[in-house]
>>> print(open('data_15.csv').read())   # CSV, C-alpha atoms
chain,number,residue,atom,x,y,z
A,512,MET,CA,135.9,133.5,-29.1
A,513,SER,CA,139.4,133.3,-27.7
A,514,THR,CA,142.2,132.0,-29.9
A,515,ILE,CA,145.5,130.2,-29.3
A,516,SER,CA,148.3,132.7,-29.4
A,517,SER,CA,151.1,132.4,-31.9
A,518,ARG,CA,153.3,131.1,-29.1
A,519,VAL,CA,152.4,127.5,-30.0
A,520,ALA,CA,153.3,127.9,-33.6
A,521,VAL,CA,156.6,129.7,-32.7
A,522,ALA,CA,157.4,127.0,-30.2
A,523,VAL,CA,156.8,124.2,-32.8
A,524,HIS,CA,159.0,126.2,-35.2
A,525,VAL,CA,161.7,126.4,-32.6
A,526,LEU,CA,161.6,122.7,-31.8
A,527,ALA,CA,161.6,121.7,-35.5
A,528,TYR,CA,164.7,123.9,-35.9
A,529,LEU,CA,166.3,122.3,-32.9
A,530,ALA,CA,165.4,118.8,-34.2
A,531,TRP,CA,167.1,119.7,-37.5
A,532,ARG,CA,170.2,120.9,-35.7
A,533,ARG,CA,170.4,118.1,-33.2
A,534,GLU,CA,174.2,117.9,-33.1
A,535,GLU,CA,174.8,121.4,-31.7
A,536,PRO,CA,173.4,123.9,-29.3
A,537,VAL,CA,171.6,126.6,-31.2
A,538,THR,CA,171.5,130.3,-30.2
A,539,SER,CA,168.3,132.3,-30.0
A,540,GLU,CA,169.6,134.6,-32.7
A,541,ARG,CA,169.9,131.7,-35.2
A,542,ILE,CA,166.5,130.4,-34.3
A,543,ALA,CA,165.0,133.9,-34.5
A,544,SER,CA,166.3,134.4,-38.0
A,545,SER,CA,164.4,131.3,-39.1
A,546,VAL,CA,161.2,132.3,-37.2
A,547,ASN,CA,161.7,135.9,-38.4
A,548,THR,CA,161.2,137.4,-35.0
A,549,ASN,CA,163.2,139.0,-32.2
A,550,PRO,CA,165.6,136.8,-30.3
A,551,VAL,CA,163.9,137.9,-27.1
A,552,VAL,CA,160.6,136.2,-28.3
A,553,VAL,CA,162.6,133.0,-28.9
A,554,ARG,CA,164.3,133.2,-25.5
A,555,ARG,CA,160.9,133.5,-23.8
A,556,ILE,CA,159.5,130.5,-25.7
A,557,VAL,CA,162.7,128.5,-25.0
A,558,GLY,CA,162.4,129.3,-21.3
A,559,ALA,CA,158.9,127.9,-21.2
A,560,LEU,CA,160.0,124.8,-23.1
A,561,ARG,CA,163.0,124.4,-20.7
A,562,ASN,CA,160.6,124.7,-17.7
A,563,ALA,CA,158.5,121.9,-19.3
A,564,GLY,CA,161.6,119.7,-19.7
A,565,ILE,CA,161.4,119.8,-23.5
A,566,VAL,CA,164.7,121.6,-24.1
A,567,ASN,CA,168.0,122.0,-22.4
A,568,VAL,CA,169.8,125.4,-22.4
A,569,GLN,CA,173.6,125.8,-22.1
A,570,PRO,CA,174.4,129.4,-21.2
A,571,GLY,CA,177.5,131.3,-22.3
A,572,VAL,CA,179.8,131.2,-25.3
A,573,GLY,CA,179.1,128.2,-27.5
A,574,GLY,CA,175.9,127.6,-25.6
A,575,GLY,CA,172.3,127.6,-26.8
A,576,ALA,CA,169.3,125.4,-26.8
A,577,GLN,CA,169.0,121.7,-27.6
A,578,LEU,CA,166.2,119.2,-27.4
A,579,ALA,CA,166.0,117.4,-24.1
A,580,ARG,CA,164.1,114.4,-25.6
A,581,GLU,CA,163.9,112.8,-29.0
A,582,PRO,CA,161.6,114.6,-31.5
A,583,ASP,CA,159.3,111.6,-31.6
A,584,ARG,CA,158.8,111.9,-27.9
A,585,ILE,CA,157.6,115.5,-28.0
A,586,THR,CA,154.0,116.0,-28.9
A,587,MET,CA,152.3,119.2,-30.0
A,588,LEU,CA,150.2,118.8,-26.9
A,589,ASP,CA,153.4,118.9,-24.8
A,590,VAL,CA,154.2,122.2,-26.6
A,591,TYR,CA,150.8,123.6,-26.2
A,592,ARG,CA,150.8,122.9,-22.5
A,593,ALA,CA,154.3,124.4,-22.1
A,594,VAL,CA,153.7,127.7,-23.8
A,595,GLU,CA,150.0,128.5,-23.5
A,596,GLU,CA,149.4,130.4,-20.3
A,597,LYS,CA,145.6,130.2,-20.3
A,598,GLU,CA,143.8,127.0,-19.8
A,599,ASP,CA,140.6,127.9,-21.5
A,600,LEU,CA,140.6,127.9,-25.3
A,601,PHE,CA,137.2,129.5,-25.5
A,602,ALA,CA,135.8,132.4,-23.6
A,603,VAL,CA,132.2,132.7,-22.6
A,604,HIS,CA,130.7,136.2,-22.3
A,605,ALA,CA,130.6,137.4,-18.7
A,606,ASP,CA,127.1,138.4,-17.7
A,607,PRO,CA,124.2,137.3,-19.7
A,608,CYS,CA,120.8,138.3,-18.4
A,609,ARG,CA,119.8,135.9,-15.6
A,610,ASN,CA,116.1,136.8,-16.0
A,611,CYS,CA,116.0,135.3,-19.5
A,612,ASP,CA,115.7,131.5,-20.1
A,613,ILE,CA,118.5,131.7,-22.7
A,614,GLY,CA,120.7,134.1,-20.7
A,615,SER,CA,120.5,132.1,-17.5
A,616,ASN,CA,121.5,128.8,-19.2
A,617,ILE,CA,123.7,129.6,-22.1
A,618,ARG,CA,127.0,129.7,-20.2
A,619,GLY,CA,126.6,126.1,-19.0
A,620,VAL,CA,125.6,124.8,-22.4
A,621,LEU,CA,128.5,126.7,-24.1
A,622,GLN,CA,131.0,125.5,-21.5
A,623,ASP,CA,130.1,121.9,-22.1
A,624,VAL,CA,130.4,122.3,-25.9
A,625,PHE,CA,133.7,124.2,-25.6
A,626,CYS,CA,135.1,121.7,-23.1
A,627,GLN,CA,134.4,118.9,-25.7
A,628,ALA,CA,136.0,120.9,-28.4
A,629,HIS,CA,139.1,121.6,-26.3
A,630,GLN,CA,139.4,117.9,-25.5
A,631,ALA,CA,139.2,117.0,-29.2
A,632,MET,CA,141.9,119.6,-30.0
A,633,GLN,CA,144.1,118.2,-27.3
A,634,SER,CA,143.6,114.7,-28.7
A,635,VAL,CA,144.7,115.7,-32.1
A,636,LEU,CA,147.8,117.6,-30.7
A,637,ALA,CA,148.7,114.5,-28.7
A,638,ASP,CA,148.9,112.4,-31.9
A,639,VAL,CA,151.4,114.7,-33.7
A,640,THR,CA,155.1,114.8,-32.7
A,641,ILE,CA,157.9,117.2,-33.6
A,642,ALA,CA,159.3,114.3,-35.7
A,643,ASP,CA,156.1,114.3,-37.6
A,644,VAL,CA,156.3,118.0,-38.2
A,645,GLY,CA,159.9,117.7,-39.4
A,646,ARG,CA,159.0,115.0,-41.9
A,647,GLU,CA,156.1,117.1,-43.2
A,648,VAL,CA,158.3,120.2,-43.6
A,649,ARG,CA,160.8,118.1,-45.5
A,650,THR,CA,158.1,116.7,-47.7
A,651,ARG,CA,156.7,120.1,-48.5
A,652,ALA,CA,160.2,121.4,-49.2
A,653,GLY,CA,160.6,118.7,-51.8
A,654,GLY,CA,163.1,116.7,-49.7
A,655,CYS,CA,165.3,119.7,-49.3
A,656,VAL,CA,165.1,122.2,-46.5
A,657,GLU,CA,167.0,125.5,-47.2
A,658,SER,CA,169.3,126.4,-44.4
A,659,LYS,CA,169.8,130.0,-45.4
A,660,PRO,CA,171.1,132.2,-44.0
A,661,HIS,CA,173.2,129.8,-42.0
A,662,SER,CA,174.9,127.5,-44.5
A,663,GLY,CA,173.3,128.6,-47.8
A,664,GLY,CA,172.4,125.1,-49.1
A,665,CYS,CA,170.2,122.1,-48.9
A,666,VAL,CA,170.4,120.0,-45.8
A,667,GLU,CA,168.5,117.0,-46.9
A,668,ALA,CA,170.8,114.6,-45.1
A,669,GLU,CA,170.6,116.5,-41.8
A,670,LEU,CA,166.8,116.3,-41.8
A,671,GLY,CA,166.7,112.5,-42.3
A,672,ALA,CA,165.1,110.0,-39.9
A,673,ALA,CA,168.0,110.3,-37.4
A,674,ALA,CA,167.7,114.0,-37.2
A,675,VAL,CA,164.0,114.2,-36.7
A,676,GLY,CA,163.3,110.9,-34.9
A,677,GLY,CA,162.6,107.5,-36.2
A,678,ARG,CA,158.8,107.4,-36.0
A,679,ALA,CA,157.2,106.1,-39.1
>>> encode(input="data_15.csv", output="structure tokens")
Amino acid sequence: MSTISSRVAVAVHVLAYLAWRREEPVTSERIASSVNTNPVVVRRIVGALRNAGIVNVQPGVGGGAQLAREPDRITMLDVYRAVEEKEDLFAVHADPCRNCDIGSNIRGVLQDVFCQAHQAMQSVLADVTIADVGREVRTRAGGCVESKPHSGGCVEAELGAAAVGGRA
């Protein structure tokens, strides 16, 4: 079975970080330190998100990425579609035996089931926004999200409803 790459998780992390830092463009280096990855990985993800109209990028000194829409208007399905290159979530083995009743019919049966599963996953992703993710992160952090290494303290006020969207 094929799996979704970590690009979706990294992209959601990037967007949650950008929602938290709404007031300023954020560099790929700052985001990469939160994700704990190379800034090149972040730049690739941000490029895909920019192409999908989810983020804006300001080049040069003082530039960086910012959300192009409110966090409550960005669903995880938007993110999935922006960064996942392959359309099929599940792979079916290539050449089952055509002279066998099972082998000659299994692909069609599996494709129907996998299509339903993919649609169900997309339905769930469509119901979760970046604002929802931000609220859940805040809840799990006990109302305080550490901003280390950037400011070294709690940024509870910055992650409030205005910072992550007003969706209840």
>>> atom_distance(input="data_15.csv", atom1="CA of Ser545 (chain A)", atom2="CA of Leu560 (chain A)")
17.8 Å
>>> closest_residue(input="data_15.csv", among="A:Cys608, A:Glu595, A:Asp643, A:Phe601", to="Ala628 (chain A)", atoms="all atoms listed in the file")
A:Phe601
>>> closest_residue(input="data_15.csv", among="A:Ile617, A:Val551, A:Ile585, A:Cys611", to="Val639 (chain A)", atoms="only C-alpha atoms")
A:Ile585
>>> atom_distance(input="data_15.csv", atom1="CA of Phe625 (chain A)", atom2="CA of Val525 (chain A)")
28.9 Å
>>> residues_around(input="data_15.csv", residues="Ser634 (chain A)", least_positions_apart="3", cutoff="12 Å", atoms="all atoms listed in the file", output="MDAnalysis selection string")
chainID A and resid 586:589 591 627:631 637:639
>>> atom_distance(input="data_15.csv", atom1="CA of Gly564 (chain A)", atom2="CA of Val635 (chain A)")
21.3 Å
>>> closest_residue(input="data_15.csv", among="A:Pro570, A:Pro582, A:Gly614, A:Gly575", to="Val644 (chain A)", atoms="only C-alpha atoms")
A:Pro582
